[in-house]
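Asks: Next comes upload.pdb, PDB, C-alpha atoms:
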ATOM      1  CA  LEU A  29      -2.545 -16.170 -14.280
ATOM      2  CA  GLU A  30      -0.484 -17.170 -17.332
ATOM      3  CA  MET A  31       3.277 -17.728 -17.292
ATOM      4  CA  GLN A  32       5.640 -18.349 -20.156
ATOM      5  CA  ALA A  33       9.365 -19.071 -19.907
ATOM      6  CA  PHE A  34       9.184 -17.884 -16.311
ATOM      7  CA  GLY A  35      11.027 -19.510 -13.405
ATOM      8  CA  PRO A  36      11.004 -23.283 -13.845
ATOM      9  CA  PHE A  37       8.165 -23.144 -16.397
ATOM     10  CA  ALA A  38       9.535 -23.567 -19.908
ATOM     11  CA  GLY A  39       6.216 -23.496 -21.761
ATOM     12  CA  ARG A  40       3.016 -21.518 -21.181
ATOM     13  CA  GLU A  41       1.098 -22.364 -18.031
ATOM     14  CA  HIS A  42      -2.405 -21.223 -17.066
ATOM     15  CA  ILE A  43      -3.861 -21.078 -13.552
ATOM     16  CA  ASP A  44      -7.491 -20.139 -12.891
ATOM     17  CA  PHE A  45      -7.538 -18.953  -9.280
ATOM     18  CA  ASP A  46     -11.306 -18.412  -9.398
ATOM     19  CA  GLU A  47     -11.757 -22.123 -10.067
ATOM     20  CA  LEU A  48      -9.178 -23.117  -7.453
ATOM     21  CA  GLY A  49     -10.710 -20.843  -4.837
ATOM     22  CA  ALA A  50     -14.299 -21.915  -5.477
ATOM     23  CA  GLN A  51     -14.192 -24.032  -2.315
ATOM     24  CA  GLY A  52     -12.640 -21.198  -0.307
ATOM     25  CA  LEU A  53      -9.230 -22.810   0.191
ATOM     26  CA  PHE A  54      -6.597 -24.456  -1.992
ATOM     27  CA  LEU A  55      -3.050 -25.711  -1.546
ATOM     28  CA  LEU A  56       0.038 -25.193  -3.688
ATOM     29  CA  ASN A  57       1.814 -28.488  -3.228
ATOM     30  CA  GLY A  58       4.884 -30.052  -4.776
ATOM     31  CA  PRO A  59       8.504 -31.036  -4.214
ATOM     32  CA  THR A  60      11.308 -28.534  -3.891
ATOM     33  CA  GLY A  61      11.928 -26.843  -7.229
ATOM     34  CA  ALA A  62       8.473 -27.620  -8.609
ATOM     35  CA  GLY A  63       7.683 -23.918  -8.921
ATOM     36  CA  LYS A  64       5.396 -23.188  -5.949
ATOM     37  CA  THR A  65       7.174 -19.964  -5.049
ATOM     38  CA  SER A  66       7.495 -19.073  -8.733
ATOM     39  CA  VAL A  67       3.707 -18.999  -9.025
ATOM     40  CA  LEU A  68       3.582 -16.414  -6.248
ATOM     41  CA  ASP A  69       6.533 -14.596  -7.804
ATOM     42  CA  ALA A  70       4.624 -14.421 -11.088
ATOM     43  CA  VAL A  71       1.650 -12.753  -9.390
ATOM     44  CA  CYS A  72       3.938 -10.252  -7.669
ATOM     45  CA  PHE A  73       5.931  -9.599 -10.855
ATOM     46  CA  ALA A  74       2.773  -8.987 -12.867
ATOM     47  CA  LEU A  75       1.537  -6.440 -10.350
ATOM     48  CA  TYR A  76       4.769  -4.698  -9.395
ATOM     49  CA  GLY A  77       7.389  -5.603 -11.988
ATOM     50  CA  SER A  78       9.640  -7.297  -9.425
ATOM     51  CA  VAL A  79       9.591 -10.203  -6.996
ATOM     52  CA  PRO A  80      10.325 -10.475  -3.270
ATOM     53  CA  GLY A  81      13.699 -10.655  -1.629
ATOM     54  CA  ALA A  82      16.841 -11.855  -3.364
ATOM     55  CA  ARG A  83      14.809 -12.977  -6.390
ATOM     56  CA  GLN A  84      13.900  -9.416  -7.354
ATOM     57  CA  GLU A  85      16.463  -9.100 -10.160
ATOM     58  CA  ALA A  86      13.974  -9.321 -13.005
ATOM     59  CA  ARG A  87      16.631 -10.014 -15.635
ATOM     60  CA  LYS A  88      17.189 -13.444 -14.031
ATOM     61  CA  LEU A  89      13.527 -14.455 -14.060
ATOM     62  CA  ARG A  90      13.568 -16.109 -17.482
ATOM     63  CA  SER A  91      13.441 -19.884 -17.407
ATOM     64  CA  ASP A  92      16.682 -21.675 -18.275
ATOM     65  CA  HIS A  93      14.539 -24.524 -19.646
ATOM     66  CA  ALA A  94      12.744 -22.440 -22.281
ATOM     67  CA  ALA A  95      13.677 -22.502 -25.965
ATOM     68  CA  PRO A  96      16.187 -19.722 -26.817
ATOM     69  CA  GLY A  97      13.719 -17.544 -28.739
ATOM     70  CA  VAL A  98      10.761 -17.815 -26.347
ATOM     71  CA  ALA A  99      10.126 -14.543 -24.532
ATOM     72  CA  PRO A 100       9.470 -14.660 -20.790
ATOM     73  CA  GLU A 101       6.028 -13.275 -20.023
ATOM     74  CA  VAL A 102       3.479 -13.111 -17.229
ATOM     75  CA  LEU A 103      -0.184 -12.223 -17.736
ATOM     76  CA  LEU A 104      -2.468 -11.512 -14.795
ATOM     77  CA  ASP A 105      -6.197 -10.946 -15.127
ATOM     78  CA  PHE A 106      -7.432  -9.480 -11.818
ATOM     79  CA  SER A 107     -10.224  -7.466 -10.242
ATOM     80  CA  ALA A 108      -9.988  -4.445  -7.967
ATOM     81  CA  GLY A 109     -13.365  -3.561  -6.503
ATOM     82  CA  ASP A 110     -15.860  -3.660  -9.362
ATOM     83  CA  ARG A 111     -13.186  -3.021 -12.011
ATOM     84  CA  ARG A 112     -11.309  -5.673 -13.995
ATOM     85  CA  PHE A 113      -7.768  -5.330 -15.303
ATOM     86  CA  LYS A 114      -5.219  -7.287 -17.302
ATOM     87  CA  VAL A 115      -1.499  -6.688 -17.017
ATOM     88  CA  ILE A 116       1.151  -8.290 -19.219
ATOM     89  CA  ARG A 117       4.792  -7.987 -18.228
ATOM     90  CA  SER A 118       8.057  -9.266 -19.628
ATOM     91  CA  PRO A 119      11.366  -8.920 -17.779
ATOM     92  CA  GLN A 120      14.549  -7.886 -19.522
ATOM     93  CA  TRP A 121      16.072 -10.851 -21.322
ATOM     94  CA  GLU A 122      18.620 -11.837 -23.952
ATOM     95  CA  ARG A 123      17.149 -13.178 -27.180
ATOM     96  CA  PRO A 124      19.154 -14.753 -29.999
ATOM     97  CA  ALA A 125      20.325 -12.228 -32.593
ATOM     98  CA  LYS A 126      18.473 -12.494 -35.904
ATOM     99  CA  ARG A 127      21.409 -11.212 -37.911
ATOM    100  CA  ALA A 128      24.676 -13.067 -38.196
ATOM    101  CA  GLY A 129      27.838 -11.421 -36.992
ATOM    102  CA  SER A 130      26.587 -10.263 -33.596
ATOM    103  CA  ALA A 131      29.443 -10.018 -31.104
ATOM    104  CA  THR A 132      27.571 -11.925 -28.407
ATOM    105  CA  GLY A 133      25.005 -13.710 -30.524
ATOM    106  CA  THR A 134      22.191 -12.155 -28.474
ATOM    107  CA  VAL A 135      20.193  -8.945 -28.319
ATOM    108  CA  THR A 136      18.885  -7.405 -25.099
ATOM    109  CA  GLU A 137      15.108  -7.083 -25.017
ATOM    110  CA  GLN A 138      14.045  -4.433 -22.522
ATOM    111  CA  ALA A 139      11.344  -5.027 -19.950
ATOM    112  CA  ARG A 140       7.857  -4.183 -21.188
ATOM    113  CA  THR A 141       4.426  -3.732 -19.633
ATOM    114  CA  LEU A 142       0.893  -3.455 -20.954
ATOM    115  CA  LEU A 143      -1.972  -2.563 -18.600
ATOM    116  CA  SER A 144      -5.562  -2.773 -19.852
ATOM    117  CA  GLU A 145      -9.010  -2.407 -18.301
ATOM    118  CA  LEU A 146     -12.202  -4.199 -19.303
ATOM    119  CA  VAL A 147     -14.690  -1.497 -20.276
ATOM    120  CA  GLN A 148     -18.142  -2.467 -21.569
ATOM    121  CA  GLY A 149     -16.897  -5.902 -22.598
ATOM    122  CA  GLU A 150     -13.764  -4.695 -24.408
ATOM    123  CA  TRP A 151     -10.157  -4.430 -23.250
ATOM    124  CA  VAL A 152      -9.000  -0.823 -23.335
ATOM    125  CA  GLN A 153      -5.278  -0.091 -23.058
ATOM    126  CA  LYS A 154      -4.427   2.207 -20.161
ATOM    127  CA  THR A 155      -0.637   2.360 -20.436
ATOM    128  CA  ALA A 156       2.366   0.592 -21.913
ATOM    129  CA  ARG A 157       4.887   2.358 -19.655
ATOM    130  CA  ASN A 158       6.440   0.424 -16.795
ATOM    131  CA  ASP A 159       6.396   3.350 -14.356
ATOM    132  CA  GLU A 160       2.820   4.424 -15.138
ATOM    133  CA  ALA A 161       1.535   0.863 -14.794
ATOM    134  CA  ALA A 162       3.324   0.473 -11.466
ATOM    135  CA  THR A 163       1.799   3.696 -10.124
ATOM    136  CA  GLU A 164      -1.678   2.816 -11.403
ATOM    137  CA  ILE A 165      -1.637  -0.669  -9.888
ATOM    138  CA  GLN A 166      -0.203   0.523  -6.572
ATOM    139  CA  ASP A 167      -2.987   3.095  -6.352
ATOM    140  CA  LEU A 168      -5.571   0.411  -7.153
ATOM    141  CA  LEU A 169      -4.289  -1.995  -4.499
ATOM    142  CA  GLY A 170      -3.311   0.656  -1.957
ATOM    143  CA  MET A 171      -0.067  -1.165  -1.209
ATOM    144  CA  SER A 172       3.546  -1.059  -2.221
ATOM    145  CA  ARG A 173       5.298  -4.262  -3.242
ATOM    146  CA  GLU A 174       6.884  -4.578   0.185
ATOM    147  CA  GLN A 175       3.500  -4.215   1.896
ATOM    148  CA  PHE A 176       1.830  -6.617  -0.548
ATOM    149  CA  THR A 177       4.422  -9.318   0.106
ATOM    150  CA  ARG A 178       4.083  -8.923   3.891
ATOM    151  CA  VAL A 179       0.315  -8.928   4.136
ATOM    152  CA  VAL A 180      -1.301 -10.525   1.076
ATOM    153  CA  MET A 181       1.348 -12.835  -0.350
ATOM    154  CA  LEU A 182       3.492 -14.427   2.323
ATOM    155  CA  PRO A 183       6.017 -16.818   0.753
ATOM    156  CA  GLN A 184       8.639 -18.597   2.814
ATOM    157  CA  GLY A 185       7.311 -17.353   6.132
ATOM    158  CA  ASP A 186       7.913 -13.675   5.354
ATOM    159  CA  PHE A 187       4.934 -12.795   7.561
ATOM    160  CA  ALA A 188       7.403 -12.975  10.441
ATOM    161  CA  ALA A 189       8.999  -9.813   9.065
ATOM    162  CA  PHE A 190       5.674  -8.025   9.508
ATOM    163  CA  LEU A 191       5.318  -9.364  13.038
ATOM    164  CA  ARG A 192       8.830  -8.189  13.917
ATOM    165  CA  ALA A 193       8.375  -4.751  12.338
ATOM    166  CA  ASP A 194       8.461  -1.757  14.646
ATOM    167  CA  ALA A 195       5.204  -0.119  15.735
ATOM    168  CA  THR A 196       5.620   2.813  13.347
ATOM    169  CA  SER A 197       6.016   0.571  10.279
ATOM    170  CA  ARG A 198       3.054  -1.602  11.264
ATOM    171  CA  ALA A 199       0.891   1.454  11.959
ATOM    172  CA  GLU A 200       1.714   2.940   8.549
ATOM    173  CA  LEU A 201       0.894  -0.328   6.790
ATOM    174  CA  LEU A 202      -2.363  -0.922   8.660
ATOM    175  CA  GLN A 203      -3.354   2.679   8.079
ATOM    176  CA  ARG A 204      -3.038   2.224   4.319
ATOM    177  CA  LEU A 205      -4.709  -1.198   4.315
ATOM    178  CA  PHE A 206      -7.709  -0.477   6.483
ATOM    179  CA  GLY A 207      -8.075   3.297   6.230
ATOM    180  CA  THR A 208      -7.340   3.804   9.920
ATOM    181  CA  TRP A 209      -6.346   7.400   9.104
ATOM    182  CA  ARG A 210     -10.049   8.194   9.561
ATOM    183  CA  TYR A 211      -9.828   7.167  13.195
ATOM    184  CA  GLU A 212      -6.622   9.120  13.587
ATOM    185  CA  GLU A 213      -8.396  12.200  12.226
ATOM    186  CA  ILE A 214     -11.263  11.650  14.679
ATOM    187  CA  GLU A 215      -8.754  11.222  17.495
ATOM    188  CA  GLN A 216      -6.993  14.452  16.524
ATOM    189  CA  GLN A 217     -10.323  16.291  16.259
ATOM    190  CA  LEU A 218     -11.434  15.050  19.683
ATOM    191  CA  LYS A 219      -8.068  16.031  21.144
ATOM    192  CA  SER A 220      -8.357  19.506  19.595
ATOM    193  CA  GLU A 221     -11.859  19.893  21.002
ATOM    194  CA  ALA A 222     -10.703  18.673  24.400
ATOM    195  CA  ASP A 223      -7.757  21.071  24.361
ATOM    196  CA  ALA A 224     -10.072  23.918  23.337
ATOM    197  CA  ALA A 225     -12.550  23.033  26.097
ATOM    198  CA  LYS A 226      -9.728  22.825  28.629
ATOM    199  CA  ALA A 227      -8.363  26.193  27.511
ATOM    200  CA  ALA A 228     -11.854  27.711  27.714
ATOM    201  CA  ALA A 229     -12.327  26.280  31.206
ATOM    202  CA  ILE A 230      -8.980  27.686  32.333
ATOM    203  CA  ALA A 231      -9.852  31.088  30.829
ATOM    204  CA  ALA A 232     -13.295  31.027  32.497
ATOM    205  CA  ALA A 233     -11.734  30.081  35.821
ATOM    206  CA  ALA A 234      -9.233  32.899  35.448
ATOM    207  CA  LEU A 235     -12.017  35.384  34.683
ATOM    208  CA  ASP A 236     -14.038  34.100  37.635
ATOM    209  CA  ALA A 237     -11.029  34.430  39.931
ATOM    210  CA  THR A 238     -10.430  37.957  38.638
ATOM    211  CA  ALA A 239     -14.075  38.890  39.157
ATOM    212  CA  LYS A 240     -14.060  37.478  42.690
ATOM    213  CA  ARG A 241     -10.836  39.314  43.492
ATOM    214  CA  GLU A 242     -12.195  42.569  42.135
ATOM    215  CA  GLN A 243     -15.435  42.038  44.073
ATOM    216  CA  ALA A 244     -13.494  41.323  47.243
ATOM    217  CA  GLU A 245     -11.372  44.421  46.711
ATOM    218  CA  ALA A 246     -14.481  46.523  46.089
ATOM    219  CA  THR A 247     -16.166  45.146  49.224
ATOM    220  CA  ALA A 248     -13.069  45.795  51.283
ATOM    221  CA  ALA A 249     -12.868  49.339  49.939
ATOM    222  CA  ALA A 250     -16.543  49.935  50.704
ATOM    223  CA  ASP A 251     -16.116  48.571  54.231
ATOM    224  CA  ALA A 252     -13.069  50.772  54.761
ATOM    225  CA  LYS A 253     -14.979  53.828  53.526
ATOM    226  CA  ALA A 254     -17.934  52.999  55.743
ATOM    227  CA  LYS A 255     -15.679  52.709  58.752
ATOM    228  CA  ALA A 256     -13.965  55.970  57.898
ATOM    229  CA  ASP A 257     -17.302  57.749  57.497
ATOM    230  CA  LYS A 258     -18.517  56.355  60.834
ATOM    231  CA  ALA A 259     -15.323  57.449  62.558
ATOM    232  CA  LEU A 260     -15.756  60.964  61.164
ATOM    233  CA  VAL A 261     -19.360  61.153  62.362
ATOM    234  CA  ASP A 262     -18.358  59.947  65.811
ATOM    235  CA  ALA A 263     -15.594  62.488  65.925
ATOM    236  CA  LYS A 264     -18.000  65.328  65.121
ATOM    237  CA  ALA A 265     -20.406  64.058  67.741
TER     238      ALA A 265
END
Take the structure in this file and express it as structure tokens.

Replies:
Amino acid sequence: LEMQAFGPFAGREHIDFDELGAQGLFLLNGPTGAGKTSVLDAVCFALYGSVPGARQEARKLRSDHAAPGVAPEVLLDFSAGDRRFKVIRSPQWERPAKRAGSATGTVTEQARTLLSELVQGEWVQKTARNDEAATEIQDLLGMSREQFTRVVMLPQGDFAAFLRADATSRAELLQRLFGTWRYEEIEQQLKSEADAAKAAAIAAAALDATAKREQAEATAAADAKAKADKALVDAKA
């Protein structure tokens, strides 16, 4: 992760999470305002173009401590499965006007995104459009920003929001995360087979009952005819 003019970071900062996570666990530690949450915000912003909660107004993400002409930027080099990607994002910001006479003295720089993939040792650009990059990354991760910030990145105790979510919301999230739709399909298939078997059993029972009734009626008719024939013979005798 690289951050420039982002949050409290005026210069360019580099964090190698592979190195930090080599021991399996690491701690982001520091006093209030040191930028712990901003590091997590930078990861989220790089992936989704926005940050959690009330901090999601990207135009306010630029550091107030940075030099006036330094562009805010976040670069994230990450892997998804066996593929490796690099995304560079800059939020909207106001840069000093280069020409004198500007009414405000600044010019609005629009948000920009560049998503690339490492292919055979070379970075290949995939898209420079904000919306296309967002769709591509969401498909890669299988999570929306809201789901990512509730399950993977949990700043300021936001995991409680996941715990308090209703059953439907949790089921939808877990289904996307762990592919539980497969089990739902199996459940639906088993239910369909059970319903079909039940319907077949009911139909078979109905046919059996009909056959027994018809057999009973035929037997009764035969008995009645036999009795009638016997009565006629007796009468003749």

Asks: What would the selection look like, as a PDB file with C-alpha atoms, in the coordinates of the input, if the PyMOL selection byres ((chain A and resi 136) around 6) were run on the coordinates I just shared?

Replies:
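Writing the result to out-v6.pdb gives the following:
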ATOM      1  CA  TRP A 121      16.072 -10.851 -21.322  1.00  0.00           C
ATOM      2  CA  GLU A 122      18.620 -11.837 -23.952  1.00  0.00           C
ATOM      3  CA  VAL A 135      20.193  -8.945 -28.319  1.00  0.00           C
ATOM      4  CA  GLU A 137      15.108  -7.083 -25.017  1.00  0.00           C
TER       5      GLU A 137
END

Asks: Nearest to A:Arg157 among A:Leu104, A:Gly77, A:Glu245, A:Asp236, with distances taken over only C-alpha atoms: which residue is it?

Replies: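 Among A:Leu104, A:Gly77, A:Glu245, A:Asp236, it is A:Gly77 that comes nearest to A:Arg157.
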
Asks: Closest to A:Gly109 among A:Ala239, A:Asp223, A:Leu168, A:Phe176, using all atoms listed in the file?

Replies: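 Among the listed residues, the smallest separation from A:Gly109 belongs to A:Leu168.
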
Asks: Quick one: distance from atom CA of A:Val98 to atom CA of A:His42 in Å, one decimal?

Replies: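 We find that atom CA of A:Val98 and atom CA of A:His42 lie 16.5 Å from each other.
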
Asks: How far is it from atom CA of A:Val67 to atom CA of A:Ile165, in Å with one decimal?

Replies: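 Going from atom CA of A:Val67 over to atom CA of A:Ile165 covers 19.1 Å.
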
Asks: Could you check the closest approach to A:Ser107 for each of A:Gln51, A:Glu150, A:Phe45, A:Gly61 and tell me which residue wins, using all atoms listed in the file?

Replies: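 Looking at the shortest contact to A:Ser107, the residue is A:Phe45.
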
Asks: Assuming the chain letters and numbering stay as they are in my file, what does the PyMOL selection byres ((chain A and resi 69-75) around 10) actually select? List them as a ChimeraX atom specification.

Replies: /A:29-32,34-35,63-68,76-80,83-84,86,89,101-106,114-119,141-143,161-162,164-166,169,172-173,176-177,181,183

Asks: Let's have the selection written as a JSON list (two decimals), keeping the file's coordinate frame, with C-alpha atoms.

Replies:
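Just written: part-v3.json:
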[["chain", "number", "residue", "atom", "x", "y", "z"],
["A", 29, "LEU", "CA", -2.54, -16.17, -14.28],
["A", 30, "GLU", "CA", -0.48, -17.17, -17.33],
["A", 31, "MET", "CA", 3.28, -17.73, -17.29],
["A", 32, "GLN", "CA", 5.64, -18.35, -20.16],
["A", 34, "PHE", "CA", 9.18, -17.88, -16.31],
["A", 35, "GLY", "CA", 11.03, -19.51, -13.40],
["A", 63, "GLY", "CA", 7.68, -23.92, -8.92],
["A", 64, "LYS", "CA", 5.40, -23.19, -5.95],
["A", 65, "THR", "CA", 7.17, -19.96, -5.05],
["A", 66, "SER", "CA", 7.50, -19.07, -8.73],
["A", 67, "VAL", "CA", 3.71, -19.00, -9.02],
["A", 68, "LEU", "CA", 3.58, -16.41, -6.25],
["A", 76, "TYR", "CA", 4.77, -4.70, -9.40],
["A", 77, "GLY", "CA", 7.39, -5.60, -11.99],
["A", 78, "SER", "CA", 9.64, -7.30, -9.43],
["A", 79, "VAL", "CA", 9.59, -10.20, -7.00],
["A", 80, "PRO", "CA", 10.32, -10.48, -3.27],
["A", 83, "ARG", "CA", 14.81, -12.98, -6.39],
["A", 84, "GLN", "CA", 13.90, -9.42, -7.35],
["A", 86, "ALA", "CA", 13.97, -9.32, -13.00],
["A", 89, "LEU", "CA", 13.53, -14.46, -14.06],
["A", 101, "GLU", "CA", 6.03, -13.28, -20.02],
["A", 102, "VAL", "CA", 3.48, -13.11, -17.23],
["A", 103, "LEU", "CA", -0.18, -12.22, -17.74],
["A", 104, "LEU", "CA", -2.47, -11.51, -14.80],
["A", 105, "ASP", "CA", -6.20, -10.95, -15.13],
["A", 106, "PHE", "CA", -7.43, -9.48, -11.82],
["A", 114, "LYS", "CA", -5.22, -7.29, -17.30],
["A", 115, "VAL", "CA", -1.50, -6.69, -17.02],
["A", 116, "ILE", "CA", 1.15, -8.29, -19.22],
["A", 117, "ARG", "CA", 4.79, -7.99, -18.23],
["A", 118, "SER", "CA", 8.06, -9.27, -19.63],
["A", 119, "PRO", "CA", 11.37, -8.92, -17.78],
["A", 141, "THR", "CA", 4.43, -3.73, -19.63],
["A", 142, "LEU", "CA", 0.89, -3.46, -20.95],
["A", 143, "LEU", "CA", -1.97, -2.56, -18.60],
["A", 161, "ALA", "CA", 1.54, 0.86, -14.79],
["A", 162, "ALA", "CA", 3.32, 0.47, -11.47],
["A", 164, "GLU", "CA", -1.68, 2.82, -11.40],
["A", 165, "ILE", "CA", -1.64, -0.67, -9.89],
["A", 166, "GLN", "CA", -0.20, 0.52, -6.57],
["A", 169, "LEU", "CA", -4.29, -2.00, -4.50],
["A", 172, "SER", "CA", 3.55, -1.06, -2.22],
["A", 173, "ARG", "CA", 5.30, -4.26, -3.24],
["A", 176, "PHE", "CA", 1.83, -6.62, -0.55],
["A", 177, "THR", "CA", 4.42, -9.32, 0.11],
["A", 181, "MET", "CA", 1.35, -12.84, -0.35],
["A", 183, "PRO", "CA", 6.02, -16.82, 0.75]]

Asks: Between atom CA of A:Ala99 and atom CA of A:Lys126, what is the spacing in Å?

Replies: 14.3 Å

Asks: Please return stretch 138-146 of chain A, rebuilt to all heavy atoms, as an mmCIF file, in the coordinates of the input.

Replies:
data_model
loop_
_atom_site.group_PDB
_atom_site.id
_atom_site.type_symbol
_atom_site.label_atom_id
_atom_site.label_comp_id
_atom_site.auth_asym_id
_atom_site.auth_seq_id
_atom_site.Cartn_x
_atom_site.Cartn_y
_atom_site.Cartn_z
ATOM 1 N N GLN A 138 14.358 -5.164 -23.751
ATOM 2 C CA GLN A 138 14.045 -4.433 -22.522
ATOM 3 C C GLN A 138 12.719 -4.909 -21.922
ATOM 4 O O GLN A 138 11.862 -5.459 -22.615
ATOM 5 C CB GLN A 138 13.975 -2.929 -22.803
ATOM 6 C CG GLN A 138 15.284 -2.340 -23.304
ATOM 7 C CD GLN A 138 16.416 -2.523 -22.299
ATOM 8 O OE1 GLN A 138 16.220 -2.430 -21.091
ATOM 9 N NE2 GLN A 138 17.615 -2.783 -22.822
ATOM 10 N N ALA A 139 12.585 -4.673 -20.631
ATOM 11 C CA ALA A 139 11.344 -5.027 -19.950
ATOM 12 C C ALA A 139 10.178 -4.243 -20.552
ATOM 13 O O ALA A 139 10.334 -3.095 -20.964
ATOM 14 C CB ALA A 139 11.459 -4.712 -18.454
ATOM 15 N N ARG A 140 9.026 -4.867 -20.634
ATOM 16 C CA ARG A 140 7.857 -4.183 -21.188
ATOM 17 C C ARG A 140 6.622 -4.501 -20.349
ATOM 18 O O ARG A 140 6.553 -5.531 -19.659
ATOM 19 C CB ARG A 140 7.623 -4.584 -22.649
ATOM 20 C CG ARG A 140 7.257 -6.046 -22.848
ATOM 21 C CD ARG A 140 7.042 -6.380 -24.317
ATOM 22 N NE ARG A 140 6.626 -7.773 -24.523
ATOM 23 C CZ ARG A 140 5.374 -8.184 -24.460
ATOM 24 N NH1 ARG A 140 4.394 -7.319 -24.220
ATOM 25 N NH2 ARG A 140 5.076 -9.455 -24.646
ATOM 26 N N THR A 141 5.654 -3.608 -20.418
ATOM 27 C CA THR A 141 4.426 -3.732 -19.633
ATOM 28 C C THR A 141 3.250 -3.248 -20.467
ATOM 29 O O THR A 141 3.374 -2.283 -21.227
ATOM 30 C CB THR A 141 4.502 -2.889 -18.345
ATOM 31 O OG1 THR A 141 5.626 -3.288 -17.573
ATOM 32 C CG2 THR A 141 3.244 -3.059 -17.507
ATOM 33 N N LEU A 142 2.127 -3.904 -20.320
ATOM 34 C CA LEU A 142 0.893 -3.455 -20.954
ATOM 35 C C LEU A 142 -0.241 -3.641 -19.946
ATOM 36 O O LEU A 142 -0.541 -4.752 -19.534
ATOM 37 C CB LEU A 142 0.601 -4.253 -22.223
ATOM 38 C CG LEU A 142 -0.710 -3.894 -22.949
ATOM 39 C CD1 LEU A 142 -0.669 -2.443 -23.410
ATOM 40 C CD2 LEU A 142 -0.949 -4.829 -24.122
ATOM 41 N N LEU A 143 -0.853 -2.526 -19.551
ATOM 42 C CA LEU A 143 -1.972 -2.563 -18.600
ATOM 43 C C LEU A 143 -3.249 -2.174 -19.328
ATOM 44 O O LEU A 143 -3.309 -1.133 -19.985
ATOM 45 C CB LEU A 143 -1.714 -1.604 -17.432
ATOM 46 C CG LEU A 143 -2.841 -1.465 -16.400
ATOM 47 C CD1 LEU A 143 -3.070 -2.786 -15.679
ATOM 48 C CD2 LEU A 143 -2.520 -0.358 -15.399
ATOM 49 N N SER A 144 -4.279 -3.021 -19.199
ATOM 50 C CA SER A 144 -5.562 -2.773 -19.852
ATOM 51 C C SER A 144 -6.688 -2.933 -18.842
ATOM 52 O O SER A 144 -6.547 -3.623 -17.828
ATOM 53 C CB SER A 144 -5.786 -3.742 -21.021
ATOM 54 O OG SER A 144 -4.711 -3.689 -21.935
ATOM 55 N N GLU A 145 -7.823 -2.287 -19.148
ATOM 56 C CA GLU A 145 -9.010 -2.407 -18.301
ATOM 57 C C GLU A 145 -10.186 -2.852 -19.157
ATOM 58 O O GLU A 145 -10.338 -2.408 -20.297
ATOM 59 C CB GLU A 145 -9.334 -1.080 -17.616
ATOM 60 C CG GLU A 145 -10.550 -1.164 -16.696
ATOM 61 C CD GLU A 145 -10.817 0.130 -15.936
ATOM 62 O OE1 GLU A 145 -10.098 1.117 -16.181
ATOM 63 O OE2 GLU A 145 -11.744 0.160 -15.096
ATOM 64 N N LEU A 146 -11.018 -3.726 -18.589
ATOM 65 C CA LEU A 146 -12.202 -4.199 -19.303
ATOM 66 C C LEU A 146 -13.302 -3.152 -19.154
ATOM 67 O O LEU A 146 -13.796 -2.903 -18.053
ATOM 68 C CB LEU A 146 -12.652 -5.539 -18.737
ATOM 69 C CG LEU A 146 -13.766 -6.254 -19.517
ATOM 70 C CD1 LEU A 146 -13.269 -6.646 -20.905
ATOM 71 C CD2 LEU A 146 -14.236 -7.505 -18.759
#
